[in-house]
file start39.tsv (TSV, C-alpha atoms and all ligand atoms)
chain	number	residue	atom	x	y	z
A	1	MET	CA	-14.85	-20.55	13.61
A	2	ARG	CA	-15.79	-17.69	11.26
A	3	GLY	CA	-13.62	-14.58	11.58
A	4	LYS	CA	-14.92	-11.09	12.35
A	5	PHE	CA	-15.60	-8.41	9.78
A	6	ILE	CA	-14.83	-4.85	10.91
A	7	THR	CA	-15.40	-1.83	8.67
A	8	PHE	CA	-14.20	1.76	8.93
A	9	GLU	CA	-16.33	4.67	7.71
A	10	GLY	CA	-16.41	8.45	7.76
A	11	ILE	CA	-16.32	11.56	5.60
A	12	ASP	CA	-13.17	12.33	3.60
A	13	GLY	CA	-10.57	13.81	5.95
A	14	ALA	CA	-11.88	11.99	9.04
A	15	GLY	CA	-8.47	10.28	9.39
A	16	LYS	CA	-9.86	6.74	9.53
A	17	SER	CA	-7.25	5.22	7.22
A	18	SER	CA	-4.43	5.93	9.67
A	19	HIS	CA	-6.24	3.76	12.24
A	20	VAL	CA	-6.87	0.79	9.97
A	21	GLU	CA	-3.30	-0.61	10.04
A	22	TRP	CA	-2.99	0.23	13.71
A	23	LEU	CA	-6.11	-1.79	14.58
A	24	ALA	CA	-4.91	-4.69	12.41
A	25	ASP	CA	-1.59	-4.77	14.31
A	26	TRP	CA	-3.42	-4.52	17.63
A	27	LEU	CA	-5.54	-7.54	16.68
A	28	ARG	CA	-2.50	-9.47	15.41
A	29	ALA	CA	-0.84	-8.88	18.77
A	30	ARG	CA	-3.90	-10.67	20.22
A	31	GLY	CA	-3.32	-13.72	18.03
A	32	LYS	CA	-5.69	-12.95	15.16
A	33	THR	CA	-4.83	-13.39	11.49
A	34	VAL	CA	-5.98	-10.16	9.89
A	35	GLN	CA	-6.60	-9.16	6.27
A	36	VAL	CA	-6.56	-5.42	5.68
A	37	THR	CA	-8.44	-4.23	2.64
A	38	ARG	CA	-10.46	-1.35	1.24
A	39	GLU	CA	-13.38	-0.30	-0.95
A	40	PRO	CA	-13.71	0.45	-3.68
A	41	GLY	CA	-10.81	-1.92	-4.35
A	42	GLY	CA	-9.28	-4.84	-2.52
A	43	THR	CA	-8.88	-7.08	-5.59
A	44	GLU	CA	-7.04	-6.60	-8.86
A	45	LEU	CA	-10.26	-5.85	-10.71
A	46	GLY	CA	-11.63	-3.81	-7.81
A	47	GLU	CA	-8.57	-1.56	-7.84
A	48	LYS	CA	-9.08	-0.94	-11.57
A	49	LEU	CA	-12.71	-0.04	-10.90
A	50	ARG	CA	-11.53	2.21	-8.06
A	51	ALA	CA	-9.26	4.15	-10.41
A	52	LEU	CA	-12.27	4.78	-12.69
A	53	LEU	CA	-14.67	5.57	-9.85
A	54	LEU	CA	-12.35	8.11	-8.22
A	55	ALA	CA	-11.48	9.92	-11.43
A	56	GLU	CA	-14.12	9.63	-14.14
A	57	PRO	CA	-17.36	11.57	-14.18
A	58	MET	CA	-20.23	9.09	-14.72
A	59	HIS	CA	-23.97	8.70	-14.31
A	60	LEU	CA	-24.96	8.27	-10.68
A	61	GLU	CA	-26.49	4.85	-11.26
A	62	THR	CA	-23.37	3.71	-13.14
A	63	GLU	CA	-21.30	4.85	-10.16
A	64	THR	CA	-23.52	2.93	-7.75
A	65	LEU	CA	-23.56	-0.23	-9.86
A	66	LEU	CA	-19.77	-0.16	-10.23
A	67	MET	CA	-19.38	0.23	-6.45
A	68	PHE	CA	-21.48	-2.89	-5.97
A	69	ALA	CA	-19.74	-4.75	-8.83
A	70	ALA	CA	-16.38	-4.10	-7.17
A	71	ARG	CA	-17.95	-5.19	-3.85
A	72	ARG	CA	-19.24	-8.48	-5.30
A	73	GLU	CA	-15.74	-9.29	-6.57
A	74	HIS	CA	-14.22	-8.28	-3.24
A	75	LEU	CA	-16.62	-10.46	-1.27
A	76	ALA	CA	-16.20	-13.47	-3.55
A	77	ARG	CA	-12.42	-13.37	-3.83
A	78	LEU	CA	-11.23	-11.95	-0.55
A	79	ILE	CA	-13.74	-11.22	2.22
A	80	GLU	CA	-15.87	-14.37	2.25
A	81	PRO	CA	-12.97	-16.87	1.90
A	82	ALA	CA	-10.98	-15.03	4.60
A	83	LEU	CA	-13.87	-15.05	7.07
A	84	ALA	CA	-14.58	-18.72	6.30
A	85	ARG	CA	-10.91	-19.56	7.11
A	86	GLY	CA	-11.31	-17.82	10.45
A	87	ASP	CA	-9.29	-14.72	9.51
A	88	TRP	CA	-10.45	-11.29	10.59
A	89	VAL	CA	-11.12	-8.73	7.87
A	90	VAL	CA	-10.57	-5.03	8.51
A	91	CYS	CA	-12.01	-3.07	5.61
A	92	ASP	CA	-11.68	0.65	4.90
A	93	ARG	CA	-15.29	1.41	3.79
A	94	PHE	CA	-18.12	-0.89	2.74
A	95	THR	CA	-21.85	-0.59	1.92
A	96	ASP	CA	-22.52	2.16	4.49
A	97	ALA	CA	-20.33	4.36	2.25
A	98	THR	CA	-22.72	3.80	-0.68
A	99	TYR	CA	-25.64	4.85	1.53
A	100	ALA	CA	-23.73	7.94	2.64
A	101	TYR	CA	-22.14	9.06	-0.66
A	102	GLN	CA	-24.45	7.89	-3.45
A	103	GLY	CA	-27.55	8.13	-1.23
A	104	GLY	CA	-26.90	11.05	1.11
A	105	GLY	CA	-24.37	12.97	-0.97
A	106	ARG	CA	-25.80	12.44	-4.45
A	107	GLY	CA	-29.43	11.76	-3.57
A	108	LEU	CA	-29.96	8.37	-5.23
A	109	ASP	CA	-33.17	6.66	-4.10
A	110	ARG	CA	-32.27	4.37	-1.21
A	111	ALA	CA	-34.69	1.65	-2.30
A	112	LYS	CA	-32.24	1.00	-5.14
A	113	PHE	CA	-29.39	0.25	-2.73
A	114	ALA	CA	-31.55	-2.10	-0.76
A	115	VAL	CA	-32.00	-4.23	-3.90
A	116	LEU	CA	-28.26	-4.22	-4.63
A	117	GLU	CA	-27.30	-4.87	-1.03
A	118	HIS	CA	-29.68	-7.83	-0.93
A	119	TRP	CA	-28.23	-9.17	-4.16
A	120	VAL	CA	-24.58	-8.69	-3.31
A	121	HIS	CA	-24.45	-9.58	0.38
A	122	GLU	CA	-27.81	-10.74	1.64
A	123	HIS	CA	-26.33	-12.84	4.43
A	124	LEU	CA	-23.32	-10.77	5.40
A	125	GLN	CA	-23.08	-7.54	7.35
A	126	PRO	CA	-20.03	-6.22	9.21
A	127	ASP	CA	-19.84	-7.43	12.81
A	128	LEU	CA	-18.73	-3.93	13.76
A	129	THR	CA	-18.55	-0.61	11.93
A	130	LEU	CA	-16.42	2.22	13.30
A	131	LEU	CA	-17.77	5.55	12.09
A	132	PHE	CA	-15.18	8.34	12.40
A	133	ASP	CA	-17.13	11.54	12.86
A	134	LEU	CA	-15.92	15.13	13.02
A	135	PRO	CA	-17.04	18.60	11.94
A	136	LEU	CA	-16.72	19.35	8.23
A	137	ASP	CA	-14.37	22.30	8.64
A	138	VAL	CA	-11.84	20.17	10.59
A	139	ALA	CA	-11.98	17.43	7.94
A	140	ARG	CA	-11.54	19.98	5.13
A	141	GLU	CA	-8.55	21.53	6.89
A	142	ARG	CA	-6.89	18.11	7.15
A	143	ILE	CA	-7.39	17.52	3.43
A	144	VAL	CA	-5.93	20.94	2.58
A	145	LEU	CA	-2.93	20.35	4.88
A	146	ALA	CA	-2.23	16.98	3.22
A	147	ASN	CA	-1.55	19.03	0.06
A	148	ARG	CA	-2.19	16.31	-2.54
A	149	THR	CA	-4.30	16.01	-5.66
A	150	LEU	CA	-7.95	15.63	-4.69
A	151	ASP	CA	-10.04	12.77	-6.09
A	152	LYS	CA	-13.52	13.16	-7.60
A	153	PHE	CA	-15.30	12.86	-4.24
A	154	GLU	CA	-12.92	15.12	-2.33
A	155	GLN	CA	-13.49	17.79	-4.97
A	156	GLU	CA	-17.21	17.90	-4.19
A	157	ARG	CA	-18.64	20.98	-2.51
A	158	VAL	CA	-19.02	21.37	1.24
A	159	ASP	CA	-22.80	20.78	1.15
A	160	PHE	CA	-22.21	17.37	-0.50
A	161	HIS	CA	-19.92	16.36	2.37
A	162	GLU	CA	-22.37	17.75	4.91
A	163	ARG	CA	-25.07	15.45	3.46
A	164	VAL	CA	-22.64	12.51	3.51
A	165	ARG	CA	-21.93	13.15	7.18
A	166	LEU	CA	-25.63	13.38	8.04
A	167	ALA	CA	-26.42	10.19	6.13
A	168	TYR	CA	-23.70	8.35	8.07
A	169	LEU	CA	-25.06	9.62	11.37
A	170	GLU	CA	-28.61	8.61	10.39
A	171	ARG	CA	-27.34	5.16	9.52
A	172	ALA	CA	-25.55	4.90	12.88
A	173	HIS	CA	-28.81	5.87	14.56
A	174	ALA	CA	-30.67	3.14	12.64
A	175	HIS	CA	-28.06	0.45	13.48
A	176	PRO	CA	-26.81	1.36	16.96
A	177	SER	CA	-25.44	-2.04	17.91
A	178	ARG	CA	-23.37	-2.48	14.74
A	179	ILE	CA	-22.25	1.09	14.00
A	180	ARG	CA	-20.26	2.83	16.74
A	181	VAL	CA	-19.54	6.53	16.33
A	182	ILE	CA	-15.96	7.53	17.17
A	183	ASP	CA	-15.25	11.20	17.87
A	184	ALA	CA	-12.41	11.75	15.38
A	185	ASN	CA	-11.80	15.32	16.51
A	186	GLN	CA	-9.46	14.36	19.36
A	187	PRO	CA	-5.81	13.35	19.76
A	188	LEU	CA	-4.66	10.06	18.20
A	189	ASP	CA	-3.94	8.36	21.53
A	190	LYS	CA	-7.45	9.11	22.84
A	191	ILE	CA	-8.98	7.71	19.65
A	192	ARG	CA	-6.92	4.54	20.02
A	193	VAL	CA	-8.03	4.02	23.61
A	194	LYS	CA	-11.62	4.34	22.41
A	195	LEU	CA	-11.02	1.89	19.53
A	196	GLU	CA	-9.55	-0.70	21.92
A	197	GLU	CA	-12.54	-0.34	24.20
A	198	VAL	CA	-15.14	-0.61	21.42
A	199	VAL	CA	-13.47	-3.51	19.59
A	200	SER	CA	-12.85	-5.43	22.82
A	201	SER	CA	-16.45	-5.18	23.92
A	202	ALA	CA	-17.97	-5.83	20.49
A	203	CYS	CA	-15.72	-8.54	19.08
A	204	LEU	CA	-13.31	-10.16	21.55
B	1	LIG	P1	-11.17	6.54	0.51
B	1	LIG	O1	-10.75	7.91	0.16
B	1	LIG	O2	-11.68	6.39	1.90
B	1	LIG	O3	-10.21	5.49	0.11
B	1	LIG	O4	-12.52	6.24	-0.36
B	1	LIG	C1	-12.61	6.50	-1.67
B	1	LIG	C2	-13.80	7.36	-2.00
B	1	LIG	O5	-14.85	6.54	-2.52
B	1	LIG	C3	-14.40	8.15	-0.85
B	1	LIG	O6	-14.46	9.52	-1.23
B	1	LIG	C4	-15.80	7.62	-0.72
B	1	LIG	C5	-16.09	6.98	-2.03
B	1	LIG	N1	-17.01	5.83	-1.95
B	1	LIG	C6	-18.32	5.99	-2.41
B	1	LIG	O7	-18.69	7.06	-2.88
B	1	LIG	N2	-19.17	4.92	-2.33
B	1	LIG	C7	-18.78	3.70	-1.83
B	1	LIG	O8	-19.59	2.76	-1.78
B	1	LIG	C8	-17.42	3.56	-1.38
B	1	LIG	C9	-16.95	2.25	-0.84
B	1	LIG	C10	-16.57	4.66	-1.45
call {"tool": "encode", "arguments": {"input": "start39.tsv", "output": "structure tokens", "more": "lines below"}}
Ligand code: TMP
result
Amino acid sequence: MRGKFITFEGIDGAGKSSHVEWLADWLRARGKTVQVTREPGGTELGEKLRALLLAEPMHLETETLLMFAARREHLARLIEPALARGDWVVCDRFTDATYAYQGGGRGLDRAKFAVLEHWVHEHLQPDLTLLFDLPLDVARERIVLANRTLDKFEQERVDFHERVRLAYLERAHAHPSRIRVIDANQPLDKIRVKLEEVVSSACL
């Protein structure tokens, strides 16, 4: 039986990454074999593309094409074989991030993503997408508190991140059965209870 494909999304500073490993362990405790991965990245080549994408200034269409190139590699080498084996794949970001960042944030025409999405994964969508949502000022504060070097996207202005957030919420509105919005502005234990509830009802 094909495994399930769960993706995590949200603006920078939403705290989603800390829940990825936790969810994988929770699923493993329920007998699933789980692959944890991320985008851009997840393969040797994908991680090299990630380093470029997160650091180098580049034309918006180059950025979008490289995101999808890394995704094609990721699907071919990791995601599709894992799902075919019956493993579950928990992925930190996927195509919804391109809609939110390159579309919402940077304003690239969405018709262009539709072509790339069709090309790269016509027959595959996540079974469930967990969208971690919280107000911009809380997310920004978390990033400042983490006190590390900011990548190219984190360095963008507040209005960029506001557009990313809105684009994510619009996408959740357009795909209500796949994308579930998680209120990320609450204590960790409350978020985990919510994650258990959502994943149990959607996937188990
Ligand atoms: P991360 O910080 O969640 O690991 O994600 C890396 C950055 O890449 C994040 O700021 C969002 C950005 N990104 C895009 O702009 N488009 C995409 O398609 C993906 C997957 C990520």
call {"tool": "axis_aligned_box", "arguments": {"input": "start39.tsv", "around": "stretch 78-90 of chain A", "padding_each_side": "3 Å", "output": "lines of an AutoDock Vina configuration file"}}
result
center_x = -12.6
center_y = -12.3
center_z = 5.0
size_x = 12.6
size_y = 20.5
size_z = 17.1
call {"tool": "closest_residue", "arguments": {"input": "start39.tsv", "among": "A:Leu23, A:Leu45, A:Val36, A:Leu78", "to": "A:Leu130", "atoms": "only C-alpha atoms"}}
result
A:Leu23
call {"tool": "residues_near_ligand", "arguments": {"input": "start39.tsv", "ligand": "ligand LIG 1 (chain B)", "cutoff": "10 Å", "atoms": "only C-alpha atoms and all ligand atoms", "output": "PyMOL selection string"}}
result
chain A and resi 8-17+38-41+50-51+53-54+63-68+70-71+91-106+150-156+161+164
call {"tool": "closest_residue", "arguments": {"input": "start39.tsv", "among": "A:Leu27, A:Val181, A:Leu169, A:Leu188", "to": "A:Leu204", "atoms": "all atoms listed in the file"}}
result
A:Leu27
call {"tool": "atom_distance", "arguments": {"input": "start39.tsv", "atom1": "atom CA of A:Glu21", "atom2": "atom CA of A:Val120"}}
result
26.4 Å
call {"tool": "closest_residue", "arguments": {"input": "start39.tsv", "among": "A:Leu108, A:Cys203, A:Ala146, A:Ser18", "to": "A:Thr62", "atoms": "all atoms listed in the file"}}
result
A:Leu108
call {"tool": "atom_distance", "arguments": {"input": "start39.tsv", "atom1": "atom CA of A:Val138", "atom2": "atom CA of A:Ala24"}}
result
25.9 Å
